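First up is the structure itself, then whatever we jot down about it.
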Amino acid sequence: MPPAEEYWRLSDGAGNWVFAAVCFAIALVLMRLILRERITLQGSMSFLVFLALLGGMVVFPDITGWVAHALGFSTLANFFFCAAIAALTILHLRALVTLSRVQLRSIALTQELALQQEKLDRLALQLASPERAPPRGPGVPPEPGP
Amino acid sequence: MTVATVAVRLLVIIPAFNEQEALGGLLRELHALPGEPGVALEIVVVDDGSADRTAEVARAGGARLLRLCRNLGIGGAVQAGVLLAHREGFDFAVQIDGDGQHPPGELHRLVEVARGAGPDRGPGVGPGVGPDLVIGTRYRDATGFRSTALRRLGSAWLRLVLYAVTRLVISDPTSGFRLYGPRALRLFAETYPYDFPEPESLAIARASGLRVAEVAVAMRERQGGRSSISGAAPIYYMLKVTVAVVLAYLRTRTVRARGPKDGDAAG
């Protein structure tokens, strides 16, 4: 049975660098999407930081192993999966909050647009033929009594 | 019982999504209504991003038209009409489905109750004291069209949930035939649920201290178009609405307890 330290120490082989290269490739895809204005830099920063941390973990396995051991993980793989799941959960929740906020604003804007458009239509109708215009326009309160 | 003779402005809100078949007839029925004394009636059709000729039919039918540039769902469409009523100072607004299920001839029943002249159907409501929200119920009278057994079962479940959470006794919690008074207009202009909104809006109204009443109305089958709740949607509907009623009630109570705050008004 090898000592616990052996479990959380990654091999120094090329596998680490392959994973780092995958992180780098994903970061490149993100950068490309940002440059093409498909996603915003502001919204992607947390994802880029997460990728940099993942890349750092595999480039410096000794430091990562020390952190994992200090947190009570016996194998580095477990630590890696836990950290990745936690980070992705946080990123997903953050995206969900942003999406919900945008959805609510979009609904409010759609309603506002319809209300303003209706007001505009009525004004246009009133200008075109005042006698055909409805007695009350939008936003105009009923005429006060004598 | 004397009906108040003060003139009131009433806006009829018709949310419509691909309702070109039923809408024309509904508008003709509304225009043919005998004028109620002291009530000035206006009609607005909220075209919820329809792909058919709903907007043209609404214009041809002489209604005001709010045209949403994308489909928001029934809640978003109703809230657009409520916003219009609230901003333009209407006293009451009545929601009528664009599929023709709600006969315009029954509208006067809701107005009578709202003006404090109808039968006492809710706590704090009685002669001279109108409720803030009047629900037209199809389950208090045996007359008129009644929905399928599955829908009635769903409605019974929602009645139970609403009572358990809010202590509100409503026989038809999914009814979209409803009248909003000034307080309800103010509340729902700020916050209104967007997805399957009827039961959830009752929980919000209850938590906000609004007086809710109901009155028996006759309903009929939809006069055209297709229901949005079909296939597996009823299962999702029941789950979503059950959770939504609980959360909406708790959230509204919490917001009321700590006072209004920016960002709390989201539906």
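For the structure tokens, the naming scheme is as follows: chains receive sequential letters (A, B, ...) according to their order of presentation, residues are indexed from 1 within each chain, and ligands are indexed from 1 in presentation order.
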Leaving out Phe188 in chain B and any residue of its chain fewer than 3 positions from it, which residues lie within 10 Å of it when counting only C-alpha atoms, given as a compact mmCIF listing (two decimals) with C-alpha atoms, in the first residue's frame?
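File result15.txt, as written:
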```txt
# COMPACT_ATOMS: atom_id res chain seq x y z
CA VAL B 78 -52.04 40.77 -18.81
CA GLN B 79 -49.53 42.90 -16.96
CA ALA B 80 -49.09 45.10 -20.04
CA VAL B 82 -52.77 46.34 -16.21
CA LEU B 83 -49.93 48.84 -16.67
CA HIS B 86 -52.93 51.90 -13.93
CA TYR B 180 -58.96 44.33 -10.80
CA PRO B 182 -57.48 50.27 -8.06
CA ARG B 183 -55.40 48.59 -5.34
CA ALA B 184 -55.02 45.45 -7.40
CA LEU B 185 -54.04 47.50 -10.45
CA THR B 191 -45.40 42.67 -9.83
CA TYR B 192 -47.28 39.99 -11.70
CA PRO B 193 -46.30 36.37 -12.30
CA SER B 201 -51.44 36.17 -8.38
CA ILE B 204 -49.69 37.65 -4.00
CA ALA B 205 -52.99 39.50 -3.60
CA ALA B 265 -40.93 44.20 -7.56
CA GLY B 267 -42.45 39.14 -11.09
```
Requested in this report: Record the distance separating CA of Glu118 in chain A and CA of Gly105 in chain B, expressed in Å with one decimal.
Outcome: 27.4 Å
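Going from CA of Tyr194 in chain B over to CA of Val57 in chain B, you cover 25.0 Å.
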Query - Distance criterion (only C-alpha atoms): nearest to chain A out of B:Asp91, B:Glu29, B:Glu200, B:Asp99 - result: B:Asp91
Query - Residue nearest chain A - candidates B:Leu65, B:Leu250, B:Val215, B:Leu30, atoms counted: only C-alpha atoms - result: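 Looking at the shortest contact to chain A, the residue is B:Leu65.
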Query raised in the report: Which residues of chain B are close to chain A, meaning at most 6 Å apart when you count only C-alpha atoms, and how do they look as an NGL selection string?
Result: :B and (66-68 or 80 or 88)
Export C-alpha atoms of the chosen residues as an mmCIF file, in the first residue's frame?
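The new file out35.cif reads:
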```
data_model
loop_
_atom_site.group_PDB
_atom_site.id
_atom_site.type_symbol
_atom_site.label_atom_id
_atom_site.label_comp_id
_atom_site.auth_asym_id
_atom_site.auth_seq_id
_atom_site.Cartn_x
_atom_site.Cartn_y
_atom_site.Cartn_z
ATOM 1 C CA LEU B 66 -50.905 46.775 -27.400
ATOM 2 C CA ARG B 67 -48.626 44.808 -29.662
ATOM 3 C CA LEU B 68 -45.873 42.941 -27.821
ATOM 4 C CA ALA B 80 -49.094 45.096 -20.043
ATOM 5 C CA GLU B 88 -54.245 56.033 -17.398
#
```
